[in-house]
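A.B. asks: Input run.txt, format and content: compact mmCIF, C-alpha atoms.
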# COMPACT_ATOMS: atom_id res chain seq x y z
CA MET A 1332 35.95 11.91 1.68
CA ARG A 1333 37.24 12.79 5.12
CA ARG A 1334 34.42 15.32 5.49
CA SER A 1335 31.88 12.70 4.47
CA LEU A 1336 33.23 10.26 7.05
CA LEU A 1337 33.18 12.93 9.76
CA ARG A 1338 29.67 13.92 8.77
CA ALA A 1339 28.54 10.31 9.00
CA TYR A 1340 30.29 10.01 12.36
CA TRP A 1341 28.51 13.07 13.81
CA VAL A 1342 25.16 12.04 12.38
CA GLY A 1343 25.57 8.60 13.94
CA ASN A 1344 26.40 10.10 17.35
CA ALA A 1345 23.49 12.54 17.12
CA LEU A 1346 21.06 9.76 16.19
CA THR A 1347 22.32 7.68 19.11
CA LEU A 1348 21.80 10.59 21.50
CA LEU A 1349 18.35 11.26 20.05
CA LEU A 1350 17.35 7.63 20.53
CA VAL A 1351 18.46 7.74 24.17
CA VAL A 1352 16.45 10.92 24.80
CA VAL A 1353 13.40 9.51 23.04
CA PHE A 1354 13.69 6.31 25.08
CA ALA A 1355 13.84 8.32 28.32
CA ALA A 1356 10.84 10.41 27.24
CA VAL A 1357 8.86 7.29 26.39
CA MET A 1358 9.66 5.83 29.80
CA ILE A 1359 8.50 9.04 31.52
CA VAL A 1360 5.26 9.12 29.52
CA SER A 1361 4.72 5.46 30.40
CA ASP A 1362 5.26 6.20 34.12
CA ILE A 1363 2.83 9.13 33.95
CA GLU A 1364 0.18 6.94 32.35
CA THR A 1365 0.76 4.31 35.04
CA ASP A 1366 0.34 6.95 37.78
CA ARG A 1367 -2.79 8.22 36.06
CA GLY A 1368 -4.25 4.72 36.11
CA SER A 1369 -3.37 4.32 39.80
CA LEU A 1370 -5.07 7.60 40.74
CA LYS A 1371 -8.21 6.65 38.86
CA ALA A 1372 -8.21 3.27 40.57
CA VAL A 1373 -8.12 5.01 43.97
CA LEU A 1374 -10.90 7.36 42.92
CA ASN A 1375 -13.07 4.51 41.65
CA THR A 1376 -12.63 2.68 44.93
CA ALA A 1377 -13.34 5.78 46.99
CA SER A 1378 -16.46 6.61 44.99
CA ALA A 1379 -18.26 3.83 46.89
CA TRP A 1380 -17.55 5.47 50.24
CA THR A 1381 -20.09 7.59 52.10
CA ALA A 1382 -19.69 10.10 54.87
CA GLU A 1383 -21.30 7.66 57.32
CA ALA A 1384 -18.71 4.98 56.50
CA SER A 1385 -15.86 7.45 57.05
CA SER A 1386 -16.58 9.50 60.14
CA ASN A 1387 -12.91 10.51 60.56
CA LEU A 1388 -11.95 12.03 57.19
CA GLN A 1389 -8.51 13.20 58.34
CA ASP A 1390 -7.51 9.70 59.40
CA LEU A 1391 -8.86 8.33 56.12
CA ALA A 1392 -6.90 10.94 54.11
CA ASP A 1393 -3.69 10.09 55.97
CA ARG A 1394 -4.14 6.36 55.43
CA ILE A 1395 -4.79 6.82 51.69
CA ALA A 1396 -1.76 9.08 51.35
CA ALA A 1397 0.47 6.67 53.32
CA SER A 1398 -0.39 3.85 50.90
CA SER A 1399 1.23 5.66 47.95
CA GLU A 1400 3.94 8.18 48.79
CA PRO A 1401 4.11 11.11 47.95
CA LEU A 1402 0.35 11.24 47.27
CA ARG A 1403 -1.57 14.18 48.83
CA VAL A 1404 -5.25 13.53 49.66
CA THR A 1405 -7.77 16.31 50.24
CA PHE A 1406 -11.49 16.16 51.13
CA LEU A 1407 -13.43 19.36 50.46
CA LEU A 1408 -17.01 20.53 50.09
CA PRO A 1409 -18.44 21.99 46.86
CA ASN A 1410 -18.30 25.45 48.49
CA GLY A 1411 -14.49 25.24 48.85
CA ILE A 1412 -14.27 24.33 52.56
CA ILE A 1413 -11.46 21.80 53.13
CA LEU A 1414 -12.50 19.08 55.60
CA ALA A 1415 -9.27 17.04 55.59
CA ASP A 1416 -5.82 17.28 54.01
CA SER A 1417 -2.93 14.83 54.29
CA GLY A 1418 -0.27 17.29 53.11
CA GLN A 1419 1.87 19.89 54.83
CA GLY A 1420 0.81 23.50 54.56
CA GLU A 1421 -2.63 24.89 53.98
CA GLN A 1422 -4.36 24.75 50.60
CA ASP A 1423 -6.76 27.31 49.18
CA GLY A 1424 -10.14 25.60 48.76
CA GLN A 1425 -11.36 28.17 46.26
CA ALA A 1426 -8.21 27.64 44.17
CA LEU A 1427 -8.86 23.90 44.19
CA LEU A 1428 -12.44 24.49 42.99
CA SER A 1429 -11.07 26.36 39.96
CA ARG A 1430 -8.85 23.50 38.91
CA PRO A 1431 -9.88 21.53 35.73
CA GLU A 1432 -10.09 18.13 37.45
CA VAL A 1433 -12.36 19.52 40.22
CA ARG A 1434 -14.65 21.22 37.70
CA GLN A 1435 -14.97 17.86 35.90
CA ALA A 1436 -15.79 16.18 39.23
CA LEU A 1437 -18.54 18.74 39.93
CA LEU A 1438 -20.06 17.70 36.58
CA GLY A 1439 -20.22 14.10 37.78
CA GLN A 1440 -17.09 12.88 35.97
CA VAL A 1441 -13.79 11.45 37.15
CA GLY A 1442 -11.47 14.42 36.48
CA ASP A 1443 -7.72 14.34 35.93
CA ASP A 1444 -5.13 16.90 34.81
CA LEU A 1445 -1.35 17.22 34.42
CA SER A 1446 -0.27 20.49 36.05
CA PHE A 1447 2.99 22.45 35.71
CA SER A 1448 1.83 25.21 38.05
CA GLU A 1449 4.72 24.81 40.52
CA SER A 1450 7.57 24.54 37.95
CA LEU A 1451 8.45 22.90 34.67
CA ILE A 1452 10.59 20.24 36.35
CA HIS A 1453 8.11 19.62 39.22
CA PRO A 1454 4.79 18.79 37.56
CA SER A 1455 1.99 16.98 39.32
CA LEU A 1456 -0.79 14.64 38.27
CA ASN A 1457 -4.14 15.64 39.81
CA ALA A 1458 -7.45 13.78 39.97
CA ALA A 1459 -10.83 14.40 41.61
CA VAL A 1460 -14.24 12.73 42.04
CA MET A 1461 -17.54 13.65 43.72
CA LEU A 1462 -18.53 11.36 46.62
CA GLY A 1463 -22.23 11.17 47.41
CA ASN A 1464 -23.03 14.53 45.75
CA ARG A 1465 -21.68 16.45 48.75
CA LEU A 1466 -18.01 15.65 49.15
CA ILE A 1467 -15.08 16.02 46.74
CA LEU A 1468 -12.04 13.76 46.96
CA HIS A 1469 -8.94 15.39 45.42
CA LEU A 1470 -5.64 13.57 44.83
CA LYS A 1471 -2.32 15.22 43.96
CA ASN A 1472 0.64 13.06 42.96
CA PRO A 1473 3.98 14.88 42.26
CA ILE A 1474 5.85 13.47 39.24
CA ARG A 1475 9.52 13.15 40.14
CA GLU A 1476 10.66 11.44 36.90
CA ILE A 1477 11.08 14.76 35.04
CA GLU A 1478 13.20 16.13 37.88
CA TYR A 1479 15.30 12.98 37.74
CA LEU A 1480 15.59 13.40 33.95
CA VAL A 1481 16.83 17.00 34.21
CA THR A 1482 19.09 16.62 37.24
CA ILE A 1483 20.41 13.07 36.80
CA TYR A 1484 19.62 11.45 33.43
CA LEU A 1485 20.44 14.35 31.12
CA PRO A 1486 23.87 15.02 32.71
CA LEU A 1487 24.61 11.29 32.49
CA ILE A 1488 23.51 11.26 28.83
CA ALA A 1489 25.68 14.31 28.10
CA LEU A 1490 28.65 12.64 29.82
CA MET A 1491 28.04 9.44 27.88
CA PHE A 1492 27.85 11.41 24.63
CA LEU A 1493 31.13 13.18 25.37
CA VAL A 1494 32.81 9.87 26.16
CA MET A 1495 31.40 8.36 22.98
CA VAL A 1496 32.65 11.36 20.95
CA ALA A 1497 36.10 11.08 22.48
CA VAL A 1498 36.36 7.33 21.92
CA SER A 1499 34.98 7.58 18.38
CA HIS A 1500 37.40 10.38 17.54
CA TRP A 1501 40.28 8.37 19.00
CA LEU A 1502 39.34 5.34 16.91
CA LEU A 1503 38.13 7.04 13.72
CA ASP A 1504 40.70 9.79 13.21
CA PRO A 1505 43.70 7.50 12.48
CA VAL A 1506 41.56 5.41 10.13
CA THR A 1507 40.34 8.41 8.13
CA ARG A 1508 43.82 9.94 7.95
CA ARG A 1509 45.32 6.68 6.71
CA MET A 1510 42.53 6.21 4.17
CA VAL A 1511 42.93 9.78 2.91
CA ARG A 1512 46.69 9.25 2.53
CA GLN A 1513 46.06 6.15 0.43
CA LEU A 1514 43.62 8.00 -1.81
CA GLU A 1515 46.06 10.90 -2.12
CA GLN A 1516 48.64 8.40 -3.36
CA VAL A 1517 46.21 7.35 -6.09
CA ARG A 1518 45.69 11.01 -6.97
CA GLY A 1519 49.48 11.44 -7.09
CA LEU A 1520 49.67 8.61 -9.60
CA LEU A 1521 47.00 10.26 -11.72
CA GLU A 1522 48.78 13.62 -11.59
CA GLY A 1523 52.14 12.02 -12.32
CA THR A 1524 53.76 13.21 -9.07
CA LEU A 1525 54.19 9.62 -7.87
CA HIS A 1526 55.30 6.41 -9.52
CA ARG A 1527 54.08 2.91 -8.76
CA GLY A 1528 57.43 1.98 -7.19
CA GLU A 1529 56.97 4.68 -4.53
CA ILE A 1530 53.77 3.15 -3.17
CA ASP A 1531 53.72 0.36 -0.59
CA ALA A 1532 50.58 -1.65 -1.36
CA ALA A 1533 51.08 -3.67 1.84
CA GLY A 1534 49.79 -0.67 3.81
CA TYR A 1535 46.39 -0.68 2.13
CA TYR A 1536 43.37 -1.66 4.17
CA PRO A 1537 42.36 -5.27 3.40
CA GLU A 1538 38.87 -4.14 2.34
CA LEU A 1539 40.29 -1.53 -0.07
CA LYS A 1540 43.41 -3.39 -1.15
CA PRO A 1541 41.97 -5.23 -4.22
CA ALA A 1542 40.33 -2.09 -5.61
CA LEU A 1543 43.31 0.18 -4.90
CA GLU A 1544 45.78 -2.33 -6.32
CA SER A 1545 43.68 -2.60 -9.47
CA ILE A 1546 43.45 1.19 -9.74
CA THR A 1547 47.19 1.51 -9.13
CA TYR A 1548 47.91 -1.04 -11.82
CA LEU A 1549 45.58 0.65 -14.29
CA ILE A 1550 47.09 4.06 -13.59
CA GLY A 1551 50.57 2.61 -14.03
CA ARG A 1552 49.53 1.21 -17.38
CA MET A 1553 48.07 4.57 -18.34
CA GLN A 1554 51.38 6.23 -17.52
CA ASP A 1555 53.24 3.66 -19.62
CA ASP A 1556 50.83 4.23 -22.51
CA LEU A 1557 51.30 7.98 -22.27
CA GLU A 1558 55.08 7.59 -22.32
CA GLN A 1559 54.85 5.39 -25.41
CA ILE A 1560 52.50 7.85 -27.10
CA VAL A 1561 54.94 10.70 -26.43
CA LYS A 1562 57.80 8.66 -27.94
CA THR A 1563 55.71 7.57 -30.92
CA GLN A 1564 55.46 10.27 -33.60
CA ASP A 1565 54.41 8.40 -36.71
CA MET A 1566 51.54 5.97 -36.11
CA GLN A 1567 50.66 3.91 -39.18
CA ARG A 1568 46.98 3.52 -39.90
CA ASP A 1569 45.95 0.64 -42.13
CA PHE A 1570 42.26 0.41 -41.27
CA VAL A 1571 40.69 2.86 -43.72
CA ASP A 1572 38.63 0.27 -45.62
CA ASN A 1573 37.49 -1.62 -42.54
CA SER A 1574 36.87 1.38 -40.28
CA SER A 1575 35.19 3.76 -42.75
CA HIS A 1576 31.73 2.27 -42.25
CA GLU A 1577 32.12 2.04 -38.46
CA LEU A 1578 33.08 5.71 -38.22
CA LYS A 1579 30.80 7.00 -40.97
CA SER A 1580 27.65 5.46 -39.50
CA PRO A 1581 27.77 7.29 -36.14
CA LEU A 1582 28.93 10.48 -37.85
CA THR A 1583 25.90 10.31 -40.14
CA SER A 1584 23.60 9.86 -37.15
CA ILE A 1585 25.23 12.73 -35.27
CA ALA A 1586 24.95 15.04 -38.29
CA GLY A 1587 21.32 14.05 -38.88
CA PHE A 1588 20.22 14.74 -35.31
CA ALA A 1589 22.23 17.97 -35.18
CA GLU A 1590 20.59 19.22 -38.41
CA MET A 1591 17.12 18.45 -37.07
CA MET A 1592 17.92 20.38 -33.89
CA GLU A 1593 19.23 23.30 -35.95
CA GLU A 1594 16.17 23.35 -38.25
CA GLU A 1595 13.77 23.30 -35.30
CA PRO A 1596 15.01 25.89 -32.77
CA ASP A 1597 11.68 25.58 -30.87
CA MET A 1598 11.93 21.81 -30.56
CA PRO A 1599 10.38 20.53 -27.29
CA ALA A 1600 12.91 20.02 -24.52
CA GLU A 1601 12.02 16.35 -24.19
CA GLN A 1602 12.66 15.68 -27.90
CA ARG A 1603 15.85 17.76 -27.84
CA GLY A 1604 17.09 15.75 -24.84
CA GLU A 1605 16.33 12.52 -26.68
CA TYR A 1606 18.33 13.67 -29.72
CA LEU A 1607 21.23 14.76 -27.51
CA GLY A 1608 21.18 11.30 -25.92
CA TYR A 1609 21.51 9.69 -29.35
CA ILE A 1610 24.36 12.04 -30.22
CA LEU A 1611 26.23 11.27 -26.99
CA ALA A 1612 25.75 7.52 -27.47
CA GLU A 1613 27.17 7.68 -31.00
CA CYS A 1614 30.09 9.80 -29.75
CA ARG A 1615 30.91 7.20 -27.09
CA ARG A 1616 30.70 4.48 -29.73
CA MET A 1617 33.13 6.38 -31.98
CA THR A 1618 35.46 6.96 -29.04
CA GLY A 1619 35.54 3.24 -28.25
CA ILE A 1620 36.22 2.35 -31.89
CA ILE A 1621 39.02 4.89 -32.18
CA ASN A 1622 40.60 3.70 -28.93
CA ASP A 1623 40.56 0.10 -30.13
CA ILE A 1624 41.99 1.11 -33.53
CA LEU A 1625 44.87 2.87 -31.83
CA LEU A 1626 45.49 -0.12 -29.58
CA LEU A 1627 45.34 -2.59 -32.46
CA GLU A 1628 47.70 -0.51 -34.57
CA LYS A 1629 50.10 -0.33 -31.64
CA GLN A 1630 50.16 -4.13 -31.40
CA ASP A 1631 51.83 -4.25 -34.83
CA ARG A 1632 54.86 -2.42 -33.44
CA VAL A 1633 57.27 -4.16 -31.08
CA GLU A 1634 59.90 -1.50 -30.52
CA GLY A 1635 60.26 -0.28 -26.94
CA GLN A 1636 58.52 -3.34 -25.49
CA THR A 1637 60.11 -4.92 -22.42
CA HIS A 1638 59.66 -8.66 -22.05
CA GLY A 1639 59.99 -10.56 -18.81
CA ALA A 1640 58.46 -13.38 -16.80
CA VAL A 1641 54.75 -12.57 -16.41
CA SER A 1642 52.43 -14.43 -14.07
CA LEU A 1643 49.15 -14.86 -15.94
CA ARG A 1644 47.47 -15.75 -12.63
CA LYS A 1645 48.35 -12.35 -11.19
CA VAL A 1646 47.19 -10.50 -14.32
CA ALA A 1647 43.98 -12.58 -14.52
CA ASP A 1648 43.17 -11.76 -10.88
CA GLN A 1649 43.69 -8.05 -11.58
CA VAL A 1650 41.49 -8.18 -14.68
CA ALA A 1651 38.81 -10.05 -12.72
CA ALA A 1652 38.86 -7.32 -10.08
CA ALA A 1653 38.58 -4.62 -12.76
CA LEU A 1654 35.61 -6.42 -14.39
CA GLN A 1655 33.82 -7.08 -11.12
CA PRO A 1656 31.38 -4.11 -11.41
CA GLN A 1657 30.20 -5.22 -14.89
CA ALA A 1658 30.00 -8.86 -13.76
CA ALA A 1659 28.01 -7.89 -10.65
CA GLN A 1660 25.39 -6.13 -12.79
CA LYS A 1661 24.64 -9.46 -14.50
CA ASP A 1662 25.30 -11.63 -11.42
CA ILE A 1663 28.18 -13.37 -13.21
CA GLY A 1664 30.81 -15.11 -11.13
CA ILE A 1665 34.46 -14.92 -12.25
CA ARG A 1666 36.78 -17.71 -11.10
CA VAL A 1667 40.51 -17.97 -11.78
CA SER A 1668 42.42 -21.19 -11.11
CA GLY A 1669 45.88 -22.62 -11.78
CA GLN A 1670 49.23 -21.01 -12.52
CA CYS A 1671 51.03 -20.10 -15.73
CA THR A 1672 54.12 -17.96 -16.36
CA VAL A 1673 55.16 -16.75 -19.80
CA ARG A 1674 57.88 -14.46 -21.11
CA ALA A 1675 56.07 -11.48 -22.55
CA SER A 1676 55.07 -7.89 -22.01
CA GLU A 1677 52.80 -7.55 -19.01
CA GLN A 1678 50.79 -4.92 -20.89
CA ASP A 1679 50.15 -7.36 -23.76
CA MET A 1680 49.00 -10.07 -21.34
CA TRP A 1681 46.68 -7.57 -19.67
CA GLU A 1682 45.10 -6.67 -23.04
CA LEU A 1683 44.85 -10.34 -24.00
CA LEU A 1684 43.03 -11.31 -20.81
CA ARG A 1685 40.98 -8.13 -20.66
CA ASN A 1686 39.50 -8.72 -24.11
CA LEU A 1687 38.86 -12.45 -23.61
CA MET A 1688 37.41 -12.06 -20.12
CA GLY A 1689 35.60 -8.82 -21.03
CA ASN A 1690 33.85 -10.52 -23.95
CA ALA A 1691 32.92 -13.44 -21.69
CA VAL A 1692 31.24 -11.02 -19.27
CA ARG A 1693 29.69 -8.84 -22.01
CA TYR A 1694 28.05 -11.76 -23.82
CA GLY A 1695 27.48 -13.97 -20.77
CA ARG A 1696 24.04 -14.84 -19.52
CA ARG A 1697 22.64 -13.42 -16.29
CA GLY A 1698 23.59 -15.57 -13.32
CA GLY A 1699 26.25 -17.38 -15.37
CA PHE A 1700 29.99 -17.85 -14.93
CA VAL A 1701 33.37 -16.96 -16.40
CA ARG A 1702 36.18 -19.43 -15.73
CA VAL A 1703 39.87 -18.80 -16.35
CA ALA A 1704 41.98 -21.97 -16.16
CA LEU A 1705 45.79 -21.79 -16.26
CA GLU A 1706 48.18 -24.67 -16.92
CA GLU A 1707 51.75 -24.90 -18.16
CA ASP A 1708 51.85 -22.62 -21.25
CA VAL A 1709 48.05 -22.90 -21.66
CA LEU A 1710 45.34 -20.30 -20.99
CA VAL A 1711 41.63 -21.17 -21.17
CA VAL A 1712 38.76 -18.65 -20.85
CA GLU A 1713 35.31 -20.24 -20.73
CA ASP A 1714 31.78 -18.90 -20.28
CA ASP A 1715 28.19 -20.13 -20.54
CA GLY A 1716 26.88 -17.21 -22.57
CA ILE A 1717 25.20 -16.83 -25.94
CA GLY A 1718 27.86 -18.77 -27.87
CA ILE A 1719 28.97 -18.44 -31.51
CA SER A 1720 27.48 -20.22 -34.51
CA PRO A 1721 29.89 -22.49 -36.48
CA GLU A 1722 29.60 -20.39 -39.66
CA HIS A 1723 30.89 -17.31 -37.82
CA GLN A 1724 33.79 -18.91 -35.94
CA PRO A 1725 36.39 -18.76 -38.78
CA ARG A 1726 35.98 -14.97 -39.07
CA ILE A 1727 35.64 -13.79 -35.47
CA PHE A 1728 39.32 -12.70 -35.34
CA GLU A 1729 38.94 -10.37 -38.32
CA LYS A 1730 38.95 -6.64 -37.70
CA PHE A 1731 35.47 -5.19 -37.18
CA TYR A 1732 33.77 -8.54 -37.80
CA ARG A 1733 30.64 -8.95 -35.72
CA VAL A 1734 28.52 -12.05 -35.19
CA ASP A 1735 25.52 -9.92 -34.25
CA SER A 1736 26.08 -6.25 -35.10
CA ALA A 1737 22.99 -4.96 -33.29
CA ARG A 1738 23.76 -6.85 -30.07
CA THR A 1739 27.46 -5.90 -30.20
CA ARG A 1740 26.64 -2.20 -30.50
CA GLN A 1741 24.04 -2.50 -27.72
CA ASP A 1742 26.57 -4.18 -25.40
CA GLY A 1743 29.27 -1.64 -26.19
CA GLY A 1744 31.58 -3.77 -28.37
CA SER A 1745 33.64 -2.29 -31.21
CA GLY A 1746 34.38 -5.48 -33.15
CA LEU A 1747 38.13 -5.16 -32.54
CA GLY A 1748 38.58 -7.06 -29.25
CA LEU A 1749 39.32 -10.47 -30.77
CA ALA A 1750 41.44 -8.85 -33.49
CA ILE A 1751 43.60 -7.41 -30.71
CA VAL A 1752 43.78 -10.87 -29.12
CA ALA A 1753 44.85 -12.39 -32.45
CA ALA A 1754 47.55 -9.73 -32.93
CA ILE A 1755 49.01 -10.43 -29.48
CA THR A 1756 49.01 -14.21 -29.89
CA ASN A 1757 50.62 -13.91 -33.35
CA ARG A 1758 53.37 -11.74 -31.96
CA TYR A 1759 54.36 -14.37 -29.42
CA GLY A 1760 53.89 -17.31 -31.77
CA ALA A 1761 50.98 -18.61 -29.70
CA ALA A 1762 47.96 -20.45 -31.09
CA ILE A 1763 44.36 -19.60 -30.22
CA HIS A 1764 41.38 -21.88 -30.73
CA VAL A 1765 37.68 -21.46 -30.03
CA ASP A 1766 35.05 -24.10 -29.21
CA SER A 1767 31.53 -22.73 -29.06
CA GLN A 1768 27.89 -23.66 -29.47
CA PRO A 1769 24.98 -21.22 -29.67
CA GLY A 1770 23.25 -20.91 -26.31
CA ARG A 1771 25.86 -23.02 -24.50
CA GLY A 1772 28.81 -20.64 -24.24
CA SER A 1773 32.32 -20.37 -25.64
CA ARG A 1774 35.76 -21.70 -24.75
CA PHE A 1775 38.90 -19.88 -25.94
CA THR A 1776 42.22 -21.77 -25.58
CA VAL A 1777 45.59 -20.03 -26.02
CA ARG A 1778 48.73 -22.19 -26.22
CA PHE A 1779 52.02 -20.35 -25.77
CA VAL A 1780 55.37 -21.47 -27.10
CA ARG A 1781 57.69 -22.26 -24.19
CA ASN A 1782 60.23 -19.44 -24.11
CA LEU A 1783 61.36 -19.24 -20.48
Take the structure I supplied and represent it as structure tokens, if you would.
C.D. replies:
Amino acid sequence: MRRSLLRAYWVGNALTLLLVVVFAAVMIVSDIETDRGSLKAVLNTASAWTAEASSNLQDLADRIAASSEPLRVTFLLPNGIILADSGQGEQDGQALLSRPEVRQALLGQVGDDLSFSESLIHPSLNAAVMLGNRLILHLKNPIREIEYLVTIYLPLIALMFLVMVAVSHWLLDPVTRRMVRQLEQVRGLLEGTLHRGEIDAAGYYPELKPALESITYLIGRMQDDLEQIVKTQDMQRDFVDNSSHELKSPLTSIAGFAEMMEEEPDMPAEQRGEYLGYILAECRRMTGIINDILLLEKQDRVEGQTHGAVSLRKVADQVAAALQPQAAQKDIGIRVSGQCTVRASEQDMWELLRNLMGNAVRYGRRGGFVRVALEEDVLVVEDDGIGISPEHQPRIFEKFYRVDSARTRQDGGSGLGLAIVAAITNRYGAAIHVDSQPGRGSRFTVRFVRNL
């Protein structure tokens, strides 16, 4: 991540420098075009002159040159003889005749040319026109902007770039180091080299704090689960009848697609990829079912559980943060209000809220809402989703019962979420009630027995 940030930092500085250089180049090109227009304006004006109207060509050349420093004005004949020149030093008339702008003037055109004959940083803009078919007016205007760019602007740009690099490094380096340290702490939690108590969440950046706190909490829960799994040697499974169909169906699909792929070794790559996609989808479905079975079976055992005062508001906020990506995909807003504290296992309350709020998001309508209201010993989770028909409501807490099997599988449900909720509420002597209408959403109310 640090490399990515540094790469973005250098790309940003390079783009800034490039924009400055491009801006300077555009300004120079604009100045050259302006000078070109000025030279042509002088030539167009001078094209009306005649030799009789200008008996003193040297004086005329000096006056034209004085009007636009550092312009050099030269009058010469078509045979190369120079009649007047406003500049210092002698010019070669024959060399002037060979220039592109003079050759264009001899053809009756207004000629112009950008010349780098003296040096790359001292170019000149030249123009010429024929006056009265016997006199050539030649103008030479040195372009100083490129010299200024090389000797003044570019060093200033380089200095500005160095200052910008130094300031950016001074500001960015502590931020990246701190951010990397925070992410390394998360990695330490995943690897088991750190525990949640060793991390100071107050040092997280405000923008990253909700996500990192949620990740830290989830990792902590994963560590707790792993410790309980290590201590648990004999897990009782009592779901053979209910789970056989749920596990057999994806296994049958996987076997069928695998056999077709085996029987057709030359199967087109597109069809083979499609079959592999079906196999992976069924594997994920089986994994979700197995995970929920293990969790539900674990809810029937209470040994090793630590009970304490649990703030449902805190847990609900953490669950809302964890569900935010799924909610954002459907533009569903999650709102938590009120306070409620119960004596329970924090892990159980997390699973209770995760399943209720997760179902509300999973079966909510696009652009809808999920509301979690907390009062004294009362938890309410409400949504405006697809709702549940009255004939299904008495059975929704049964293991593997689905109101709409096709939709549940499509949305990733295993049919065990509400069974897990029922197991948790039964353990704590709480009562759960559902009010729902098809197309108008559902409202789940959990009433805890006061035990604080």
A.B. asks: List the neighbours of stretch 1397-1410 of chain A out to 8 Å using only C-alpha atoms; skip same-chain residues closer than 2 positions along the sequence, and give me the result as a VMD selection string.
C.D. replies: chain A and resid 1388 1392 to 1395 1412 to 1418 1424 to 1425 1428 1437 1465 to 1473
A.B. asks: Using atom CA of A:Glu1713 and atom CA of A:Met1617 as the two end points, give the distance in Å to one decimal.
C.D. replies: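 According to the coordinates, atom CA of A:Glu1713 and atom CA of A:Met1617 are separated by 29.0 Å.
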A.B. asks: Could you jot down the atom CA of A:Ala1372 to atom CA of A:Phe1354 separation for me, Å, one decimal place?
C.D. replies: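 Separation between atom CA of A:Ala1372 and atom CA of A:Phe1354: 27.0 Å.
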A.B. asks: Can you measure atom CA of A:Asp1366 to atom CA of A:Ile1474 for me? One decimal in Å is fine.
C.D. replies: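 Result for atom CA of A:Asp1366 versus atom CA of A:Ile1474: 8.7 Å, one decimal.
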A.B. asks: Give me, as an NGL selection string, all polymer residues having an atom no more than 10 Å from stretch 1673-1689 of chain A, counting all atoms listed in the file and skipping those fewer than 6 positions away in the same chain.
C.D. replies: :A and (1549 or 1552 or 1555-1556 or 1626 or 1630 or 1636-1643 or 1645-1651 or 1653-1654 or 1657-1658 or 1665 or 1695 or 1701-1703 or 1707-1714 or 1744 or 1747-1756 or 1758-1759 or 1774-1775 or 1777 or 1779-1783)
A.B. asks: Calculated over only C-alpha atoms, which of the candidates A:Gly1699, A:Phe1588, A:Phe1492, A:Thr1365 has the smallest distance to A:Leu1350?
C.D. replies: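 Comparing A:Gly1699, A:Phe1588, A:Phe1492, A:Thr1365 against A:Leu1350, the winner is A:Phe1492.
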A.B. asks: Which residue is closest to A:Ala1489? Choose from A:Asp1423, A:Met1553, A:Tyr1548, A:Ala1345 and count all atoms listed in the file.
C.D. replies: A:Ala1345
A.B. asks: Which residue out of A:Asp1390, A:Leu1348, A:Ala1426, A:Gly1343 has the minimum interatomic distance to A:Leu1485 when all atoms listed in the file are used?
C.D. replies: A:Leu1348
A.B. asks: Using only C-alpha atoms, which protein or nucleic acid residues come within 7 Å of A:Ile1717? Drop anything in the same chain fewer than 5 positions from it, and give the result as a list in words.
C.D. replies: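 Near A:Ile1717, the qualifying residues are Tyr1694, Gly1695, Arg1696, Pro1769, Gly1770, Arg1771 and Gly1772 of chain A.
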A.B. asks: Can I get the selected residues back with C-alpha atoms, as a PDB file, in the coordinates of the input?
C.D. replies:
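Below you can see part_9.pdb, which holds the result:
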ATOM      1  CA  TYR A1694      28.050 -11.760 -23.820  1.00  0.00           C
ATOM      2  CA  GLY A1695      27.480 -13.970 -20.770  1.00  0.00           C
ATOM      3  CA  ARG A1696      24.040 -14.840 -19.520  1.00  0.00           C
ATOM      4  CA  PRO A1769      24.980 -21.220 -29.670  1.00  0.00           C
ATOM      5  CA  GLY A1770      23.250 -20.910 -26.310  1.00  0.00           C
ATOM      6  CA  ARG A1771      25.860 -23.020 -24.500  1.00  0.00           C
ATOM      7  CA  GLY A1772      28.810 -20.640 -24.240  1.00  0.00           C
TER       8      GLY A1772
END
A.B. asks: Complete the atoms of stretch 1544-1550 of chain A to N, CA and C atoms and put them out as a PDB file, keeping the file's coordinate frame.
C.D. replies:
ATOM      1  N   GLU A1544      44.738  -1.705  -5.521  1.00  0.00           N
ATOM      2  CA  GLU A1544      45.780  -2.330  -6.320  1.00  0.00           C
ATOM      3  C   GLU A1544      45.414  -2.331  -7.802  1.00  0.00           C
ATOM      4  N   SER A1545      44.129  -2.613  -8.084  1.00  0.00           N
ATOM      5  CA  SER A1545      43.680  -2.600  -9.470  1.00  0.00           C
ATOM      6  C   SER A1545      43.782  -1.194 -10.067  1.00  0.00           C
ATOM      7  N   ILE A1546      43.365  -0.190  -9.266  1.00  0.00           N
ATOM      8  CA  ILE A1546      43.450   1.190  -9.740  1.00  0.00           C
ATOM      9  C   ILE A1546      44.910   1.591  -9.962  1.00  0.00           C
ATOM     10  N   THR A1547      45.770   1.192  -9.007  1.00  0.00           N
ATOM     11  CA  THR A1547      47.190   1.510  -9.130  1.00  0.00           C
ATOM     12  C   THR A1547      47.777   0.884 -10.388  1.00  0.00           C
ATOM     13  N   TYR A1548      47.405  -0.361 -10.628  1.00  0.00           N
ATOM     14  CA  TYR A1548      47.910  -1.040 -11.820  1.00  0.00           C
ATOM     15  C   TYR A1548      47.429  -0.345 -13.090  1.00  0.00           C
ATOM     16  N   LEU A1549      46.140  -0.001 -13.112  1.00  0.00           N
ATOM     17  CA  LEU A1549      45.580   0.650 -14.290  1.00  0.00           C
ATOM     18  C   LEU A1549      46.234   2.011 -14.529  1.00  0.00           C
ATOM     19  N   ILE A1550      46.453   2.756 -13.440  1.00  0.00           N
ATOM     20  CA  ILE A1550      47.090   4.060 -13.590  1.00  0.00           C
ATOM     21  C   ILE A1550      48.519   3.898 -14.090  1.00  0.00           C
TER      22      ILE A1550
END
